[in-house]
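First up is the structure itself, then whatever we jot down about it.
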Amino acid sequence: MTNSGIWLAILISSALIFIARIIGYSLPNSILAKDRLQRITTLIPIVLLAALVGAQSMVKDGEVVIDHRLAGLVAGAIALRLRGSFLVVLVVAGLTGALVYNLI
Amino acid sequence: MGVAIPVGMYGAAFGAAGVAAGLTIWQTSALSLLLFSGASQFAIVGVIGAGGTVLAAILAGVLLGLRNGFYALRMAPLLQTSGVKRIVAAHITIDESTLVALAGGQNDLERVRKGFWFTGLGVFFFWNLFTLIGALGASLLDDPSKWGLDSAVPAAFLALLWPQLTTARLRVIAIIAMVLALALSPFLSPGLPIISVVIIAFIAGWRSK
């Protein structure tokens with residue numbers, strides 16, 4: 001990608017996402033008053049975050065792979081289970097992932 | 001402030017990833033300033049690094065960033081903003097600010113708003129500061145995997161998701177979403193498998209339970 005192509009991608013993506021955010025704030029509240037939409041918008045962050053967990057821990061170049069990232073994630077999940085803080089979870093996951101990556 | 005250090009770590013990882021993908025320090029920092037949505041930014045530099053087209057980079061970035069629009073829809077009645085304040089609120093509507101705001105229920109509006117503004121502005125500051133540090137230090141960090149950065153990223157998302165999984169039904173929904181995203185990954189371009197799980201939110205939320 002050329003330098004100007006990269007700038008184009010940056011500026012257009014940023015503008016479109018800002019527009020999506022502003023539209024969210026500008027729609028009338030009556031839309032949200034509907035129970036159904038309320039339920040759906042509550043579930044959206046949950047399903048997207050779950051998808052991100054999977055995609056970022058097990059997908060590489062469009063293929064599902066098991067590697068050091070999954071080891072890190074499992075260690076992070078154990079830390080969460082033991083009520084570790086956000087930082088502890090990240091450090092445990094990062095250290096475990098780095099260890100597996102460097103040893104295997 | 002509890003989110004500042006992980007955000008800094010994640011921001012530094014993004015800064016390094018941006019420069020490693022062939023962006024300049026300015027371009028990497030511009031993404032953090034103007035787009036300000038982690039997964040979306042990672043997707044864009046990922047596509048650029050993999051040799052994708054401008055359109056593919058925009059598509060991946062926007063598909064991942066669209067969820068901020070849904071968060072905005074969710075936050076709008078709670079924040080009740082207008083004018084410049086609404087513009088700022090819109091720009092700092094991200095995973096962290098929305099989740100912190102909603103973490104303790106929606107009854108105490110003052111707590112919800114405080115959580116949103118503190119987290120959003122705090123993350124914006126640390127995210128941009130550490131993007132710059134990461135971009136500057138990228139030449140020293142030869143391989144992000146060696147330092148565990150790519151393992152910490154999914155754990156960060158899991159840590160954000162965890163407190164929301166309050167019932168068995170929500171846990172099942174989350175697992176289905178993750179499996180669907182994984183199953184679709186070989187067939188769809190980067191970003192699409194993630195955004196496509198929104199369909200599960202529609203199906204599961206359609207009827208009251």
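Within each chain, counting starts at residue 1; across the structure tokens, chains are named A, B, ... in the order shown, with ligands numbered 1 upward in that order.
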
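Excluding Ala77 in chain A itself and any same-chain residue fewer than 4 positions from it, the protein and nucleic acid residues within 9 Å of it, counting only C-alpha atoms, are Gly72, Leu73, Arg81, Leu82, Val89 and Ala93 of chain A; Ala155, Leu158, Ala159 and Trp162 of chain B.
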
If DSSP is run on the backbone, what residues of range 16-77 of chain B are alpha helix (DSSP H)? A reply as a count of residues only would be ideal. 46

Using only C-alpha atoms, which of the listed residues (A:Ile40, A:Ser30, A:Ala79, A:Asp35) sits closest to chain B?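 Closest candidate: A:Ile40.
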
Can you build me a table of range 17-89 of chain A residues sitting at most 10 Å from range 69-74 of chain B, with the closest atom pair per residue and its distance in Å to one decimal, using only C-alpha atoms, sorted by chain and residue number, as a tab-separated table?
```
residue	atom	partner	partner_atom	distance
A:Ile17	CA	B:Gly69	CA	7.6
A:Phe18	CA	B:Gly69	CA	8.3
A:Ile19	CA	B:Gly69	CA	8.2
A:Ala20	CA	B:Gly69	CA	4.7
A:Arg21	CA	B:Gly69	CA	4.2
A:Ile22	CA	B:Gly69	CA	7.4
A:Ile23	CA	B:Gly69	CA	7.0
A:Gly24	CA	B:Leu73	CA	4.2
A:Tyr25	CA	B:Ala72	CA	5.4
A:Ser26	CA	B:Leu73	CA	8.2
A:Leu27	CA	B:Leu73	CA	7.4
A:Pro28	CA	B:Leu73	CA	9.3
A:Asn29	CA	B:Leu73	CA	8.5
A:Ile31	CA	B:Leu73	CA	9.1
A:Leu32	CA	B:Leu73	CA	7.5
A:Leu37	CA	B:Arg74	CA	9.6
A:Gln38	CA	B:Arg74	CA	7.8
A:Ile40	CA	B:Phe70	CA	9.7
A:Thr41	CA	B:Phe70	CA	6.5
A:Thr42	CA	B:Arg74	CA	7.7
A:Ile44	CA	B:Phe70	CA	7.5
A:Pro45	CA	B:Tyr71	CA	7.6
```

Since we have the selection now, will you write its residues out, keeping C-alpha atoms, as a JSON list (two decimals), in the first residue's frame?
```json
[["chain", "number", "residue", "atom", "x", "y", "z"],
["A", 17, "ILE", "CA", -16.47, 5.10, 12.84],
["A", 18, "PHE", "CA", -17.02, 8.60, 14.21],
["A", 19, "ILE", "CA", -20.21, 8.82, 12.13],
["A", 20, "ALA", "CA", -21.38, 5.45, 13.55],
["A", 21, "ARG", "CA", -20.78, 6.76, 17.07],
["A", 22, "ILE", "CA", -22.58, 10.07, 16.46],
["A", 23, "ILE", "CA", -25.55, 8.28, 14.86],
["A", 24, "GLY", "CA", -25.78, 6.13, 18.00],
["A", 25, "TYR", "CA", -26.03, 9.25, 20.14],
["A", 26, "SER", "CA", -28.42, 11.04, 17.79],
["A", 27, "LEU", "CA", -31.13, 8.42, 17.39],
["A", 28, "PRO", "CA", -34.22, 9.19, 19.46],
["A", 29, "ASN", "CA", -34.34, 7.58, 22.89],
["A", 31, "ILE", "CA", -35.92, 3.55, 19.90],
["A", 32, "LEU", "CA", -34.12, 2.32, 22.99],
["A", 37, "LEU", "CA", -33.76, -3.38, 21.22],
["A", 38, "GLN", "CA", -32.65, -2.97, 24.83],
["A", 40, "ILE", "CA", -30.28, -6.89, 21.80],
["A", 41, "THR", "CA", -27.96, -3.96, 22.50],
["A", 42, "THR", "CA", -27.12, -5.47, 25.89],
["A", 44, "ILE", "CA", -24.02, -7.04, 21.41],
["A", 45, "PRO", "CA", -20.90, -6.21, 23.47]]
```

Best match for closeness to Gly51 in chain B among B:Gly137, B:Gly15, B:Pro154, B:Gly22, counting only C-alpha atoms: B:Gly22

Show me, as number ranges by chain, the residues that have an atom within 8 Å of Gly8 in chain B when counting only C-alpha atoms, minus same-chain residues fewer than 2 positions from it. B: 4-6, 10-12, 126-127, 129-131

Write the residues you've just listed into a file as a compact mmCIF listing (two decimals), in the first residue's frame, and include C-alpha atoms for each of them.
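This is the output file out_29.txt:
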```txt
# COMPACT_ATOMS: atom_id res chain seq x y z
CA ALA B 4 -4.35 2.53 32.67
CA ILE B 5 -1.46 0.04 32.81
CA PRO B 6 -3.05 -2.69 30.66
CA TYR B 10 -1.95 -2.72 24.73
CA GLY B 11 -1.30 0.76 23.27
CA ALA B 12 2.44 0.15 23.18
CA PHE B 126 -2.82 6.51 28.00
CA TRP B 127 -3.69 4.87 24.68
CA LEU B 129 0.81 8.22 24.93
CA PHE B 130 1.72 4.55 24.74
CA THR B 131 0.97 4.26 21.03
```

Pick out the residues sitting within 10 Å of Val197 in chain B, and hand them over as a PyMOL selection string; count only C-alpha atoms, and ignore anything fewer than 4 positions along from it in its own chain. (chain A and resi 44+46-51) or (chain B and resi 174+176-181+184+192-193+201-202)

Expected file contents, prior selection, N, CA and C atoms, as a PDB file, in the first residue's frame:
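Okay, this is what ended up in selection_7.pdb:
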```
ATOM      1  N   ILE A  44     -25.018  -7.298  22.458  1.00  0.00           N
ATOM      2  CA  ILE A  44     -24.022  -7.043  21.407  1.00  0.00           C
ATOM      3  C   ILE A  44     -22.572  -6.975  21.920  1.00  0.00           C
ATOM      4  N   ILE A  46     -21.366  -8.382  24.467  1.00  0.00           N
ATOM      5  CA  ILE A  46     -21.010  -9.725  24.938  1.00  0.00           C
ATOM      6  C   ILE A  46     -20.602 -10.623  23.769  1.00  0.00           C
ATOM      7  N   VAL A  47     -21.418 -10.657  22.715  1.00  0.00           N
ATOM      8  CA  VAL A  47     -21.080 -11.550  21.590  1.00  0.00           C
ATOM      9  C   VAL A  47     -19.840 -11.057  20.846  1.00  0.00           C
ATOM     10  N   LEU A  48     -19.689  -9.726  20.716  1.00  0.00           N
ATOM     11  CA  LEU A  48     -18.520  -9.203  19.999  1.00  0.00           C
ATOM     12  C   LEU A  48     -17.228  -9.465  20.777  1.00  0.00           C
ATOM     13  N   LEU A  49     -17.271  -9.245  22.083  1.00  0.00           N
ATOM     14  CA  LEU A  49     -16.069  -9.507  22.888  1.00  0.00           C
ATOM     15  C   LEU A  49     -15.713 -10.991  22.855  1.00  0.00           C
ATOM     16  N   ALA A  50     -16.743 -11.858  22.908  1.00  0.00           N
ATOM     17  CA  ALA A  50     -16.484 -13.296  22.846  1.00  0.00           C
ATOM     18  C   ALA A  50     -15.841 -13.654  21.502  1.00  0.00           C
ATOM     19  N   ALA A  51     -16.342 -13.053  20.430  1.00  0.00           N
ATOM     20  CA  ALA A  51     -15.781 -13.307  19.101  1.00  0.00           C
ATOM     21  C   ALA A  51     -14.336 -12.814  19.038  1.00  0.00           C
TER      22      ALA A  51
ATOM     23  N   ALA B 174     -22.177 -16.413  24.862  1.00  0.00           N
ATOM     24  CA  ALA B 174     -20.800 -15.986  24.576  1.00  0.00           C
ATOM     25  C   ALA B 174     -20.010 -17.109  23.906  1.00  0.00           C
ATOM     26  N   ILE B 176     -21.221 -19.606  22.115  1.00  0.00           N
ATOM     27  CA  ILE B 176     -21.729 -19.775  20.747  1.00  0.00           C
ATOM     28  C   ILE B 176     -21.121 -18.710  19.830  1.00  0.00           C
ATOM     29  N   ALA B 177     -21.060 -17.469  20.324  1.00  0.00           N
ATOM     30  CA  ALA B 177     -20.508 -16.372  19.521  1.00  0.00           C
ATOM     31  C   ALA B 177     -19.041 -16.636  19.184  1.00  0.00           C
ATOM     32  N   MET B 178     -18.287 -17.108  20.171  1.00  0.00           N
ATOM     33  CA  MET B 178     -16.868 -17.362  19.947  1.00  0.00           C
ATOM     34  C   MET B 178     -16.677 -18.490  18.925  1.00  0.00           C
ATOM     35  N   VAL B 179     -17.457 -19.551  19.096  1.00  0.00           N
ATOM     36  CA  VAL B 179     -17.346 -20.693  18.178  1.00  0.00           C
ATOM     37  C   VAL B 179     -17.739 -20.285  16.759  1.00  0.00           C
ATOM     38  N   LEU B 180     -18.802 -19.467  16.640  1.00  0.00           N
ATOM     39  CA  LEU B 180     -19.228 -19.022  15.301  1.00  0.00           C
ATOM     40  C   LEU B 180     -18.128 -18.192  14.625  1.00  0.00           C
ATOM     41  N   ALA B 181     -17.528 -17.268  15.407  1.00  0.00           N
ATOM     42  CA  ALA B 181     -16.454 -16.433  14.839  1.00  0.00           C
ATOM     43  C   ALA B 181     -15.290 -17.297  14.371  1.00  0.00           C
ATOM     44  N   LEU B 184     -16.254 -19.277  11.161  1.00  0.00           N
ATOM     45  CA  LEU B 184     -16.355 -18.463   9.944  1.00  0.00           C
ATOM     46  C   LEU B 184     -15.002 -17.920   9.478  1.00  0.00           C
ATOM     47  N   LEU B 192     -14.861  -9.698   9.276  1.00  0.00           N
ATOM     48  CA  LEU B 192     -16.240 -10.164   9.049  1.00  0.00           C
ATOM     49  C   LEU B 192     -16.703 -11.239  10.040  1.00  0.00           C
ATOM     50  N   PRO B 193     -15.871 -12.238  10.364  1.00  0.00           N
ATOM     51  CA  PRO B 193     -16.343 -13.254  11.315  1.00  0.00           C
ATOM     52  C   PRO B 193     -16.736 -12.637  12.656  1.00  0.00           C
ATOM     53  N   ALA B 201     -26.771 -11.935  18.829  1.00  0.00           N
ATOM     54  CA  ALA B 201     -27.412 -10.991  19.763  1.00  0.00           C
ATOM     55  C   ALA B 201     -28.863 -10.747  19.351  1.00  0.00           C
ATOM     56  N   PHE B 202     -29.101 -10.652  18.031  1.00  0.00           N
ATOM     57  CA  PHE B 202     -30.466 -10.429  17.547  1.00  0.00           C
ATOM     58  C   PHE B 202     -31.349 -11.644  17.834  1.00  0.00           C
TER      59      PHE B 202
END
```

Of the listed residues B:Lys85, B:His91, B:Arg169, B:Arg113, that which approaches chain A most closely, counting only C-alpha atoms: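 Among the listed residues, the smallest separation from chain A belongs to B:His91.
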
Hey, can you check how far CA of Leu11 in chain A sits from CA of Ala30 in chain B?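 Answer for the CA of Leu11 in chain A to CA of Ala30 in chain B separation: 8.6 Å.
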
Restricting the calculation to only C-alpha atoms: of A:Leu16, A:Gly76, A:Arg36, A:Val64, which residue gets closest to Leu64 in chain B?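 The shortest atom-to-atom distance to Leu64 in chain B comes from A:Leu16.
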
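Ranking A:Thr2, A:Ile104, A:Ser14, A:Asp61 by their shortest atom-to-atom distance to chain B, with only C-alpha atoms included, puts A:Ser14 first.
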
Fewer than 6 positions away in the same chain doesn't count, so skip those; otherwise give me all residues within 12 Å of Val54 in chain B, counting only C-alpha atoms, as JSON, numbers by chain. {"A": [1, 2, 3, 4, 5, 6, 7, 8, 9, 10, 11, 12, 13], "B": [44, 45, 46, 47, 48, 60, 61]}

Hey, can you spit out that residue selection with C-alpha atoms as a PDB file, in the first residue's frame?
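Below you can see again-v1.pdb, which holds the result:
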```pdb
ATOM      1  CA  MET A   1       0.000   0.000   0.000  1.00  0.00           C
ATOM      2  CA  THR A   2       1.347   3.450  -0.873  1.00  0.00           C
ATOM      3  CA  ASN A   3       1.881   6.145   1.739  1.00  0.00           C
ATOM      4  CA  SER A   4      -1.145   8.123   0.514  1.00  0.00           C
ATOM      5  CA  GLY A   5      -3.178   4.893   0.425  1.00  0.00           C
ATOM      6  CA  ILE A   6      -2.405   4.327   4.091  1.00  0.00           C
ATOM      7  CA  TRP A   7      -3.481   7.894   4.926  1.00  0.00           C
ATOM      8  CA  LEU A   8      -6.684   7.371   2.928  1.00  0.00           C
ATOM      9  CA  ALA A   9      -7.471   4.179   4.875  1.00  0.00           C
ATOM     10  CA  ILE A  10      -6.763   5.922   8.199  1.00  0.00           C
ATOM     11  CA  LEU A  11      -8.887   9.002   7.495  1.00  0.00           C
ATOM     12  CA  ILE A  12     -11.873   7.233   5.907  1.00  0.00           C
ATOM     13  CA  SER A  13     -12.039   4.536   8.629  1.00  0.00           C
TER      14      SER A  13
ATOM     15  CA  ILE B  44      -6.351  -2.004   9.867  1.00  0.00           C
ATOM     16  CA  VAL B  45      -2.602  -2.345  10.427  1.00  0.00           C
ATOM     17  CA  GLY B  46      -3.011  -6.121  10.122  1.00  0.00           C
ATOM     18  CA  VAL B  47      -4.531  -5.751   6.656  1.00  0.00           C
ATOM     19  CA  ILE B  48      -1.880  -3.194   5.634  1.00  0.00           C
ATOM     20  CA  ALA B  60     -11.946  -4.510   8.379  1.00  0.00           C
ATOM     21  CA  GLY B  61     -11.509  -1.387  10.486  1.00  0.00           C
TER      22      GLY B  61
END
```

Calculated over only C-alpha atoms, which of the candidates B:Ala21, B:Met9, B:Ala39, B:Leu170 has the smallest distance to Ala55 in chain A?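 Among B:Ala21, B:Met9, B:Ala39, B:Leu170, it is B:Ala39 that comes nearest to Ala55 in chain A.
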
Could you give me, as an MDAnalysis selection string, the residues within 8 Å of Arg69 in chain A, counting only C-alpha atoms and dropping anything in the same chain fewer than 3 positions from it? (chainID A and resid 57:58 66 72:73 97) or (chainID B and resid 150:152 154)

Could you give me, as an MDAnalysis selection string, the residues within 10 Å of range 102-106 of chain B, counting only C-alpha atoms and dropping anything in the same chain fewer than 6 positions from it? (chainID A and resid 42) or (chainID B and resid 74:75 78 96 112:113 115:116 160 163:164)

Would you export the selected residues with N, CA and C atoms as a CSV table (one decimal), in the first residue's frame, please?
```csv
chain,number,residue,atom,x,y,z
A,42,THR,N,-27.8,-5.0,24.7
A,42,THR,CA,-27.1,-5.5,25.9
A,42,THR,C,-26.3,-6.7,25.5
B,74,ARG,N,-26.5,2.6,23.3
B,74,ARG,CA,-26.7,2.1,24.7
B,74,ARG,C,-26.4,3.3,25.7
B,75,MET,N,-25.4,4.1,25.4
B,75,MET,CA,-25.0,5.1,26.4
B,75,MET,C,-25.9,6.4,26.3
B,78,LEU,N,-28.3,7.4,28.9
B,78,LEU,CA,-27.7,7.5,30.2
B,78,LEU,C,-26.9,8.7,30.4
B,96,GLU,N,-14.0,-0.1,26.8
B,96,GLU,CA,-13.7,0.1,28.2
B,96,GLU,C,-14.7,1.1,28.9
B,112,VAL,N,-22.7,6.0,36.8
B,112,VAL,CA,-22.6,5.5,35.4
B,112,VAL,C,-21.8,6.6,34.6
B,113,ARG,N,-22.2,7.9,34.7
B,113,ARG,CA,-21.6,8.9,34.0
B,113,ARG,C,-20.1,9.1,34.4
B,115,GLY,N,-18.1,6.9,35.6
B,115,GLY,CA,-17.4,5.8,35.1
B,115,GLY,C,-17.1,5.9,33.6
B,116,PHE,N,-18.0,6.4,32.9
B,116,PHE,CA,-17.9,6.6,31.4
B,116,PHE,C,-16.8,7.7,31.1
B,160,LEU,N,-12.5,-8.2,30.0
B,160,LEU,CA,-13.6,-7.2,29.9
B,160,LEU,C,-15.0,-7.9,29.8
B,163,PRO,N,-16.9,-10.1,33.7
B,163,PRO,CA,-17.9,-9.7,34.6
B,163,PRO,C,-19.3,-9.6,34.0
B,164,GLN,N,-19.4,-9.6,32.7
B,164,GLN,CA,-20.7,-9.5,32.1
B,164,GLN,C,-21.4,-10.8,32.0
```

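Take CA of Gly65 in chain B and CA of Lys60 in chain A: the distance between them is 20.1 Å.
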